[in-house]
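Shown next: work27.csv, containing CSV, N, CA and C atoms.
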```
chain,number,residue,atom,x,y,z
A,758,MET,N,25.3,-5.8,5.8
A,758,MET,CA,26.5,-5.6,5.1
A,758,MET,C,26.7,-6.6,3.9
A,759,GLU,N,26.4,-7.8,4.1
A,759,GLU,CA,26.5,-8.8,3.0
A,759,GLU,C,25.6,-8.4,1.9
A,760,ARG,N,24.3,-8.0,2.2
A,760,ARG,CA,23.4,-7.6,1.2
A,760,ARG,C,23.9,-6.4,0.4
A,761,ASP,N,24.5,-5.4,1.1
A,761,ASP,CA,25.0,-4.2,0.4
A,761,ASP,C,26.0,-4.6,-0.6
A,762,LEU,N,26.9,-5.6,-0.2
A,762,LEU,CA,27.9,-6.0,-1.1
A,762,LEU,C,27.3,-6.7,-2.3
A,763,GLU,N,26.3,-7.6,-2.1
A,763,GLU,CA,25.6,-8.3,-3.2
A,763,GLU,C,24.9,-7.3,-4.1
A,764,VAL,N,24.3,-6.3,-3.5
A,764,VAL,CA,23.6,-5.3,-4.4
A,764,VAL,C,24.7,-4.5,-5.2
A,765,ARG,N,25.8,-4.1,-4.6
A,765,ARG,CA,26.8,-3.5,-5.4
A,765,ARG,C,27.4,-4.3,-6.5
A,766,LYS,N,27.6,-5.6,-6.2
A,766,LYS,CA,28.0,-6.5,-7.3
A,766,LYS,C,27.0,-6.6,-8.4
A,767,MET,N,25.8,-6.6,-8.0
A,767,MET,CA,24.7,-6.7,-9.0
A,767,MET,C,24.7,-5.5,-9.9
A,768,VAL,N,24.8,-4.3,-9.3
A,768,VAL,CA,24.7,-3.1,-10.0
A,768,VAL,C,25.9,-2.9,-11.0
A,769,THR,N,27.0,-3.6,-10.8
A,769,THR,CA,28.2,-3.5,-11.7
A,769,THR,C,28.1,-4.5,-12.8
A,770,HIS,N,27.2,-5.4,-12.9
A,770,HIS,CA,27.1,-6.4,-14.0
A,770,HIS,C,26.8,-5.7,-15.3
A,771,SER,N,26.9,-6.4,-16.4
A,771,SER,CA,26.5,-5.8,-17.7
A,771,SER,C,25.0,-5.8,-17.7
A,772,SER,N,24.5,-4.9,-18.6
A,772,SER,CA,23.0,-4.7,-18.7
A,772,SER,C,22.3,-6.0,-19.0
A,773,ALA,N,22.7,-6.7,-20.0
A,773,ALA,CA,21.9,-7.9,-20.4
A,773,ALA,C,21.9,-8.9,-19.2
A,774,THR,N,23.0,-9.1,-18.6
A,774,THR,CA,23.1,-10.1,-17.5
A,774,THR,C,22.3,-9.6,-16.3
A,775,THR,N,22.4,-8.3,-16.0
A,775,THR,CA,21.7,-7.7,-14.9
A,775,THR,C,20.2,-7.8,-15.0
A,776,SER,N,19.7,-7.3,-16.1
A,776,SER,CA,18.2,-7.3,-16.2
A,776,SER,C,17.6,-8.8,-16.1
A,777,GLU,N,18.3,-9.7,-16.7
A,777,GLU,CA,17.9,-11.1,-16.6
A,777,GLU,C,18.0,-11.6,-15.2
A,778,TYR,N,19.1,-11.2,-14.5
A,778,TYR,CA,19.3,-11.6,-13.1
A,778,TYR,C,18.3,-11.0,-12.2
A,779,THR,N,18.0,-9.7,-12.4
A,779,THR,CA,17.0,-9.1,-11.5
A,779,THR,C,15.6,-9.7,-11.7
A,780,SER,N,15.3,-10.0,-12.9
A,780,SER,CA,14.0,-10.7,-13.1
A,780,SER,C,13.9,-12.0,-12.4
A,781,ASN,N,14.9,-12.8,-12.4
A,781,ASN,CA,14.9,-14.0,-11.6
A,781,ASN,C,15.0,-13.8,-10.1
A,782,LEU,N,15.7,-12.7,-9.7
A,782,LEU,CA,15.9,-12.4,-8.3
A,782,LEU,C,14.5,-12.1,-7.6
A,783,TYR,N,13.6,-11.5,-8.4
A,783,TYR,CA,12.3,-11.2,-7.8
A,783,TYR,C,11.7,-12.5,-7.2
A,784,ASP,N,11.8,-13.6,-7.8
A,784,ASP,CA,11.2,-14.8,-7.3
A,784,ASP,C,12.1,-15.5,-6.2
A,785,ARG,N,13.4,-15.3,-6.3
A,785,ARG,CA,14.3,-15.9,-5.4
A,785,ARG,C,14.5,-15.2,-4.0
A,786,ASP,N,14.7,-13.8,-4.1
A,786,ASP,CA,15.0,-13.1,-2.9
A,786,ASP,C,14.3,-11.7,-3.1
A,787,TYR,N,13.1,-11.6,-2.7
A,787,TYR,CA,12.3,-10.4,-2.9
A,787,TYR,C,12.9,-9.2,-2.3
A,788,TYR,N,13.4,-9.3,-1.0
A,788,TYR,CA,14.0,-8.1,-0.4
A,788,TYR,C,15.2,-7.6,-1.1
A,789,LEU,N,16.1,-8.6,-1.6
A,789,LEU,CA,17.3,-8.2,-2.4
A,789,LEU,C,16.8,-7.5,-3.7
A,790,TRP,N,15.8,-8.0,-4.3
A,790,TRP,CA,15.2,-7.5,-5.5
A,790,TRP,C,14.8,-6.0,-5.3
A,791,LEU,N,14.1,-5.7,-4.1
A,791,LEU,CA,13.7,-4.4,-3.8
A,791,LEU,C,15.0,-3.5,-3.6
A,792,GLU,N,16.0,-3.9,-2.9
A,792,GLU,CA,17.2,-3.1,-2.7
A,792,GLU,C,17.9,-2.8,-4.0
A,793,THR,N,18.0,-3.8,-4.8
A,793,THR,CA,18.6,-3.7,-6.1
A,793,THR,C,17.9,-2.7,-7.0
A,794,THR,N,16.6,-2.9,-7.0
A,794,THR,CA,15.7,-2.0,-7.9
A,794,THR,C,15.9,-0.5,-7.4
A,795,ALA,N,15.9,-0.3,-6.1
A,795,ALA,CA,16.0,1.0,-5.5
A,795,ALA,C,17.4,1.6,-5.9
A,796,GLN,N,18.4,0.8,-5.9
A,796,GLN,CA,19.8,1.2,-6.2
A,796,GLN,C,19.8,1.6,-7.7
A,797,PHE,N,19.2,0.8,-8.6
A,797,PHE,CA,19.2,1.1,-10.0
A,797,PHE,C,18.5,2.5,-10.2
A,798,LEU,N,17.4,2.7,-9.5
A,798,LEU,CA,16.7,3.9,-9.6
A,798,LEU,C,17.5,5.1,-9.2
A,799,ARG,N,18.2,4.9,-8.0
A,799,ARG,CA,19.0,6.0,-7.5
A,799,ARG,C,20.2,6.3,-8.5
A,800,ASP,N,20.7,5.3,-9.1
A,800,ASP,CA,21.9,5.4,-10.0
A,800,ASP,C,21.4,5.8,-11.4
A,801,GLY,N,20.1,5.9,-11.7
A,801,GLY,CA,19.6,6.3,-13.0
A,801,GLY,C,19.8,5.2,-14.0
A,802,LYS,N,20.0,3.9,-13.6
A,802,LYS,CA,20.2,2.8,-14.5
A,802,LYS,C,18.8,2.2,-14.9
A,803,LEU,N,18.0,3.0,-15.5
A,803,LEU,CA,16.6,2.6,-15.8
A,803,LEU,C,16.5,1.5,-16.8
A,804,ASN,N,17.5,1.3,-17.7
A,804,ASN,CA,17.5,0.2,-18.6
A,804,ASN,C,17.8,-1.1,-18.0
A,805,GLU,N,18.2,-1.1,-16.7
A,805,GLU,CA,18.5,-2.4,-16.0
A,805,GLU,C,17.4,-2.8,-15.1
A,806,LEU,N,16.3,-2.0,-15.0
A,806,LEU,CA,15.2,-2.3,-14.1
A,806,LEU,C,14.5,-3.5,-14.7
A,807,ASP,N,13.9,-4.3,-13.7
A,807,ASP,CA,13.0,-5.4,-14.0
A,807,ASP,C,11.6,-4.8,-14.1
A,808,LEU,N,11.3,-4.2,-15.3
A,808,LEU,CA,10.1,-3.4,-15.4
A,808,LEU,C,8.8,-4.2,-15.2
A,809,PRO,N,8.7,-5.4,-15.8
A,809,PRO,CA,7.4,-6.1,-15.5
A,809,PRO,C,7.1,-6.3,-14.1
A,810,ASN,N,8.0,-6.7,-13.3
A,810,ASN,CA,7.8,-6.9,-11.9
A,810,ASN,C,7.7,-5.6,-11.1
A,811,LEU,N,8.4,-4.6,-11.5
A,811,LEU,CA,8.3,-3.3,-10.9
A,811,LEU,C,6.9,-2.7,-11.1
A,812,ILE,N,6.4,-2.8,-12.3
A,812,ILE,CA,5.1,-2.2,-12.6
A,812,ILE,C,4.0,-3.0,-11.8
A,813,GLU,N,4.2,-4.3,-11.7
A,813,GLU,CA,3.2,-5.1,-11.0
A,813,GLU,C,3.2,-4.7,-9.5
A,814,GLU,N,4.4,-4.4,-8.9
A,814,GLU,CA,4.5,-4.0,-7.5
A,814,GLU,C,3.8,-2.7,-7.3
A,815,ILE,N,4.0,-1.7,-8.2
A,815,ILE,CA,3.4,-0.4,-8.1
A,815,ILE,C,1.9,-0.5,-8.2
A,816,GLU,N,1.4,-1.3,-9.1
A,816,GLU,CA,0.0,-1.5,-9.2
A,816,GLU,C,-0.6,-2.1,-8.0
A,817,ASP,N,0.1,-3.1,-7.5
A,817,ASP,CA,-0.3,-3.8,-6.2
A,817,ASP,C,-0.4,-2.9,-5.0
A,818,MET,N,0.6,-1.9,-5.0
A,818,MET,CA,0.6,-1.0,-3.9
A,818,MET,C,-0.7,-0.1,-3.9
A,819,GLY,N,-1.1,0.3,-5.1
A,819,GLY,CA,-2.3,1.1,-5.2
A,819,GLY,C,-3.5,0.4,-4.8
A,820,ARG,N,-3.6,-0.9,-5.2
A,820,ARG,CA,-4.8,-1.7,-4.8
A,820,ARG,C,-4.8,-1.9,-3.3
A,821,SER,N,-3.6,-2.2,-2.8
A,821,SER,CA,-3.5,-2.4,-1.3
A,821,SER,C,-3.9,-1.2,-0.5
A,822,GLU,N,-3.5,0.0,-1.0
A,822,GLU,CA,-4.0,1.2,-0.3
A,822,GLU,C,-5.5,1.4,-0.3
A,823,LYS,N,-6.0,1.1,-1.5
A,823,LYS,CA,-7.5,1.2,-1.6
A,823,LYS,C,-8.2,0.3,-0.7
A,824,ARG,N,-7.7,-1.0,-0.6
A,824,ARG,CA,-8.3,-2.0,0.2
A,824,ARG,C,-8.2,-1.5,1.7
A,825,ALA,N,-7.1,-1.0,2.1
A,825,ALA,CA,-6.9,-0.5,3.5
A,825,ALA,C,-7.9,0.6,3.8
A,826,VAL,N,-8.1,1.5,2.9
A,826,VAL,CA,-9.1,2.6,3.1
A,826,VAL,C,-10.5,2.1,3.2
A,827,LYS,N,-10.8,1.2,2.3
A,827,LYS,CA,-12.1,0.6,2.3
A,827,LYS,C,-12.4,-0.1,3.6
A,828,SER,N,-11.4,-0.9,4.0
A,828,SER,CA,-11.6,-1.7,5.3
A,828,SER,C,-11.8,-0.7,6.5
A,829,ASN,N,-11.0,0.4,6.5
A,829,ASN,CA,-11.1,1.3,7.6
A,829,ASN,C,-12.5,2.0,7.6
A,830,LEU,N,-13.0,2.3,6.4
A,830,LEU,CA,-14.3,2.9,6.2
A,830,LEU,C,-15.4,2.0,6.7
A,831,ILE,N,-15.3,0.8,6.4
A,831,ILE,CA,-16.3,-0.2,6.8
A,831,ILE,C,-16.4,-0.3,8.3
A,832,VAL,N,-15.2,-0.3,9.0
A,832,VAL,CA,-15.1,-0.3,10.4
A,832,VAL,C,-15.7,1.0,11.0
A,833,VAL,N,-15.4,2.1,10.4
A,833,VAL,CA,-16.0,3.4,10.9
A,833,VAL,C,-17.5,3.4,10.8
A,834,LEU,N,-18.0,2.9,9.6
A,834,LEU,CA,-19.5,2.9,9.4
A,834,LEU,C,-20.1,2.0,10.4
A,835,MET,N,-19.5,0.8,10.6
A,835,MET,CA,-20.1,-0.2,11.5
A,835,MET,C,-20.2,0.4,13.0
A,836,HIS,N,-19.1,1.1,13.3
A,836,HIS,CA,-19.0,1.6,14.7
A,836,HIS,C,-20.0,2.8,14.8
A,837,LEU,N,-20.1,3.6,13.8
A,837,LEU,CA,-21.0,4.7,13.9
A,837,LEU,C,-22.5,4.2,14.0
A,838,LEU,N,-22.8,3.2,13.2
A,838,LEU,CA,-24.1,2.6,13.3
A,838,LEU,C,-24.4,2.0,14.7
A,839,LYS,N,-23.4,1.3,15.2
A,839,LYS,CA,-23.6,0.7,16.5
A,839,LYS,C,-23.7,1.9,17.6
A,840,TYR,N,-22.9,2.9,17.4
A,840,TYR,CA,-22.9,4.0,18.4
A,840,TYR,C,-24.3,4.7,18.4
A,841,LYS,N,-24.8,4.8,17.1
A,841,LYS,CA,-26.1,5.5,17.1
A,841,LYS,C,-27.3,4.7,17.5
A,842,TYR,N,-27.3,3.4,17.1
A,842,TYR,CA,-28.5,2.6,17.3
A,842,TYR,C,-28.4,1.6,18.5
A,843,GLN,N,-27.2,1.5,19.1
A,843,GLN,CA,-27.0,0.6,20.2
A,843,GLN,C,-26.5,1.5,21.4
A,844,GLY,N,-27.1,2.6,21.7
A,844,GLY,CA,-26.7,3.5,22.7
A,844,GLY,C,-26.3,2.9,24.0
A,845,GLU,N,-27.1,1.8,24.4
A,845,GLU,CA,-26.9,1.2,25.7
A,845,GLU,C,-25.5,0.4,25.7
A,846,LYS,N,-25.0,0.1,24.5
A,846,LYS,CA,-23.8,-0.7,24.5
A,846,LYS,C,-22.5,0.2,24.1
A,847,ARG,N,-22.8,1.5,24.1
A,847,ARG,CA,-21.6,2.4,23.8
A,847,ARG,C,-20.5,2.2,24.8
A,848,SER,N,-19.3,2.2,24.2
A,848,SER,CA,-18.1,2.0,25.1
A,848,SER,C,-17.0,2.9,24.7
A,849,ASN,N,-16.1,3.1,25.5
A,849,ASN,CA,-14.9,3.9,25.2
A,849,ASN,C,-14.1,3.2,24.1
A,850,SER,N,-14.2,1.9,24.0
A,850,SER,CA,-13.4,1.2,22.9
A,850,SER,C,-13.9,1.6,21.5
A,851,TRP,N,-15.3,1.8,21.4
A,851,TRP,CA,-15.8,2.3,20.1
A,851,TRP,C,-15.3,3.7,19.8
A,852,ARG,N,-15.4,4.5,20.8
A,852,ARG,CA,-14.9,5.9,20.6
A,852,ARG,C,-13.4,5.9,20.2
A,853,PHE,N,-12.7,5.1,20.9
A,853,PHE,CA,-11.2,5.0,20.6
A,853,PHE,C,-10.9,4.5,19.2
A,854,THR,N,-11.7,3.5,18.8
A,854,THR,CA,-11.5,2.9,17.5
A,854,THR,C,-11.9,3.9,16.4
A,855,LEU,N,-13.0,4.6,16.6
A,855,LEU,CA,-13.4,5.7,15.6
A,855,LEU,C,-12.3,6.8,15.5
A,856,LYS,N,-11.8,7.2,16.6
A,856,LYS,CA,-10.8,8.3,16.6
A,856,LYS,C,-9.6,7.8,15.9
A,857,ASN,N,-9.1,6.6,16.1
A,857,ASN,CA,-7.9,6.0,15.5
A,857,ASN,C,-8.1,5.9,14.0
A,858,ILE,N,-9.3,5.4,13.6
A,858,ILE,CA,-9.5,5.2,12.1
A,858,ILE,C,-9.6,6.6,11.4
A,859,VAL,N,-10.3,7.5,12.0
A,859,VAL,CA,-10.4,8.9,11.5
A,859,VAL,C,-9.0,9.5,11.3
A,860,PHE,N,-8.1,9.3,12.3
A,860,PHE,CA,-6.8,9.7,12.3
A,860,PHE,C,-6.0,9.1,11.1
A,861,ALA,N,-6.2,7.8,11.0
A,861,ALA,CA,-5.5,7.0,9.9
A,861,ALA,C,-5.9,7.5,8.6
A,862,CYS,N,-7.2,7.7,8.4
A,862,CYS,CA,-7.7,8.3,7.1
A,862,CYS,C,-7.2,9.6,6.8
A,863,GLU,N,-7.1,10.5,7.8
A,863,GLU,CA,-6.6,11.8,7.6
A,863,GLU,C,-5.1,11.7,7.2
A,864,LYS,N,-4.4,10.8,7.8
A,864,LYS,CA,-3.0,10.6,7.5
A,864,LYS,C,-2.8,10.2,6.0
A,865,LEU,N,-3.7,9.3,5.6
A,865,LEU,CA,-3.6,8.9,4.2
A,865,LEU,C,-3.9,10.0,3.2
A,866,PHE,N,-4.9,10.9,3.6
A,866,PHE,CA,-5.1,12.1,2.8
A,866,PHE,C,-3.9,13.0,2.7
A,867,LYS,N,-3.3,13.2,3.9
A,867,LYS,CA,-2.1,14.1,3.9
A,867,LYS,C,-1.0,13.6,3.1
A,868,LEU,N,-0.8,12.3,3.1
A,868,LEU,CA,0.3,11.7,2.3
A,868,LEU,C,-0.1,11.5,0.9
A,869,ALA,N,-1.4,11.9,0.6
A,869,ALA,CA,-1.9,11.8,-0.8
A,869,ALA,C,-1.9,10.4,-1.3
A,870,LEU,N,-2.1,9.4,-0.4
A,870,LEU,CA,-2.2,8.0,-0.8
A,870,LEU,C,-3.6,7.7,-1.3
A,871,VAL,N,-4.5,8.5,-0.9
A,871,VAL,CA,-5.9,8.2,-1.3
A,871,VAL,C,-6.6,9.5,-1.6
A,872,SER,N,-7.2,9.6,-2.7
A,872,SER,CA,-7.9,10.8,-3.1
A,872,SER,C,-9.3,10.9,-2.4
A,873,LYS,N,-9.8,12.1,-2.3
A,873,LYS,CA,-11.1,12.3,-1.7
A,873,LYS,C,-12.2,11.7,-2.6
A,874,THR,N,-11.9,11.7,-3.9
A,874,THR,CA,-12.9,11.1,-4.8
A,874,THR,C,-13.0,9.6,-4.5
A,875,ILE,N,-11.9,8.9,-4.3
A,875,ILE,CA,-12.0,7.5,-4.0
A,875,ILE,C,-12.8,7.3,-2.7
A,876,LEU,N,-12.5,8.1,-1.7
A,876,LEU,CA,-13.2,8.0,-0.4
A,876,LEU,C,-14.7,8.2,-0.6
A,877,LEU,N,-15.1,9.3,-1.3
A,877,LEU,CA,-16.5,9.5,-1.5
A,877,LEU,C,-17.2,8.4,-2.3
A,878,ARG,N,-16.5,7.8,-3.2
A,878,ARG,CA,-17.0,6.6,-3.9
A,878,ARG,C,-17.3,5.5,-3.0
A,879,PHE,N,-16.3,5.2,-2.1
A,879,PHE,CA,-16.5,4.1,-1.1
A,879,PHE,C,-17.6,4.4,-0.2
A,880,LEU,N,-17.7,5.7,0.3
A,880,LEU,CA,-18.8,6.0,1.2
A,880,LEU,C,-20.2,5.9,0.5
A,881,MET,N,-20.3,6.3,-0.7
A,881,MET,CA,-21.5,6.2,-1.4
A,881,MET,C,-21.9,4.8,-1.6
A,882,ASN,N,-21.0,4.0,-2.0
A,882,ASN,CA,-21.3,2.5,-2.1
A,882,ASN,C,-21.7,1.9,-0.8
A,883,ALA,N,-21.1,2.3,0.3
A,883,ALA,CA,-21.4,1.7,1.6
A,883,ALA,C,-22.8,2.2,2.0
A,884,ILE,N,-23.1,3.5,1.7
A,884,ILE,CA,-24.5,4.0,2.1
A,884,ILE,C,-25.5,3.3,1.2
A,885,GLU,N,-25.3,3.1,0.0
A,885,GLU,CA,-26.2,2.3,-0.9
A,885,GLU,C,-26.5,0.9,-0.3
A,886,MET,N,-25.4,0.3,0.1
A,886,MET,CA,-25.5,-1.1,0.6
A,886,MET,C,-26.4,-1.1,1.9
A,887,LEU,N,-26.2,-0.1,2.7
A,887,LEU,CA,-27.0,0.0,4.0
A,887,LEU,C,-28.5,0.2,3.7
A,888,GLU,N,-28.8,0.9,2.7
A,888,GLU,CA,-30.2,1.2,2.4
A,888,GLU,C,-31.0,0.0,1.8
A,889,ILE,N,-30.3,-1.0,1.4
A,889,ILE,CA,-30.9,-2.2,0.8
A,889,ILE,C,-31.7,-3.0,1.9
```

As a first step, turn the structure in this file into structure tokens.
Amino acid sequence: MERDLEVRKMVTHSSATTSEYTSNLYDRDYYLWLETTAQFLRDGKLNELDLPNLIEEIEDMGRSEKRAVKSNLIVVLMHLLKYKYQGEKRSNSWRFTLKNIVFACEKLFKLALVSKTILLRFLMNAIEMLEI
């Protein structure tokens, strides 16, 4: 409730003061900065956005998603290799992990957070590393 009031106060400030304030807000209260930025976007107050920090956040999100997919693919490849070459150590936990990661990757595809091109590039790189 207090945050909503603070966001509303922020949104009603003048443009010069608001953009300066939101830029400083990013370092002081990240969550409030997110709420304020979302409110500016909903209200169409694009000239009041803290563009440098917003651009940085969007770029970081993309990198983060790529890292998550890469990490999941590494786990899948490791488990597949173990499953194939260490048959005596096969366990339900490996199968469970593989199923969960495949499900997570499918979800990322459906949400269009990761393109199949990126996935194929990661797989090809991983395969090349394994052949060394």

Quiz item: So which residues touch Leu808 in chain A within 10 Å, counting only C-alpha atoms, skipping near sequence neighbours fewer than 4 positions away, as a list in words?
Solution: Ser776, Thr779, Ser780, Thr794, Leu803, Asn804, Ile812, Glu813 and Glu814 of chain A

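Distance check against Leu855 in chain A using only C-alpha atoms: of A:Thr874, A:Ser821, A:Asn829, A:Gln843, the minimum falls on A:Asn829.
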
Self-check item: Counting all atoms listed in the file, the residue of A:Asp807, A:Ala825, A:Trp851, A:Arg878 that sits nearest Leu837 in chain A
Solution: A:Trp851

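With atom C of Ser828 in chain A on one side and CA of Glu845 in chain A on the other, the separation reads 24.5 Å.
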
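CA of Val859 in chain A is found 17.0 Å from CA of Lys841 in chain A.
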
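In terms of minimum interatomic distance to Arg852 in chain A, A:His836 ranks closest within A:Arg820, A:His836, A:Lys802, A:Arg785, counting all atoms listed in the file.
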
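Atom pair CA of Ile858 in chain A / CA of Ile875 in chain A: separated by 16.5 Å.
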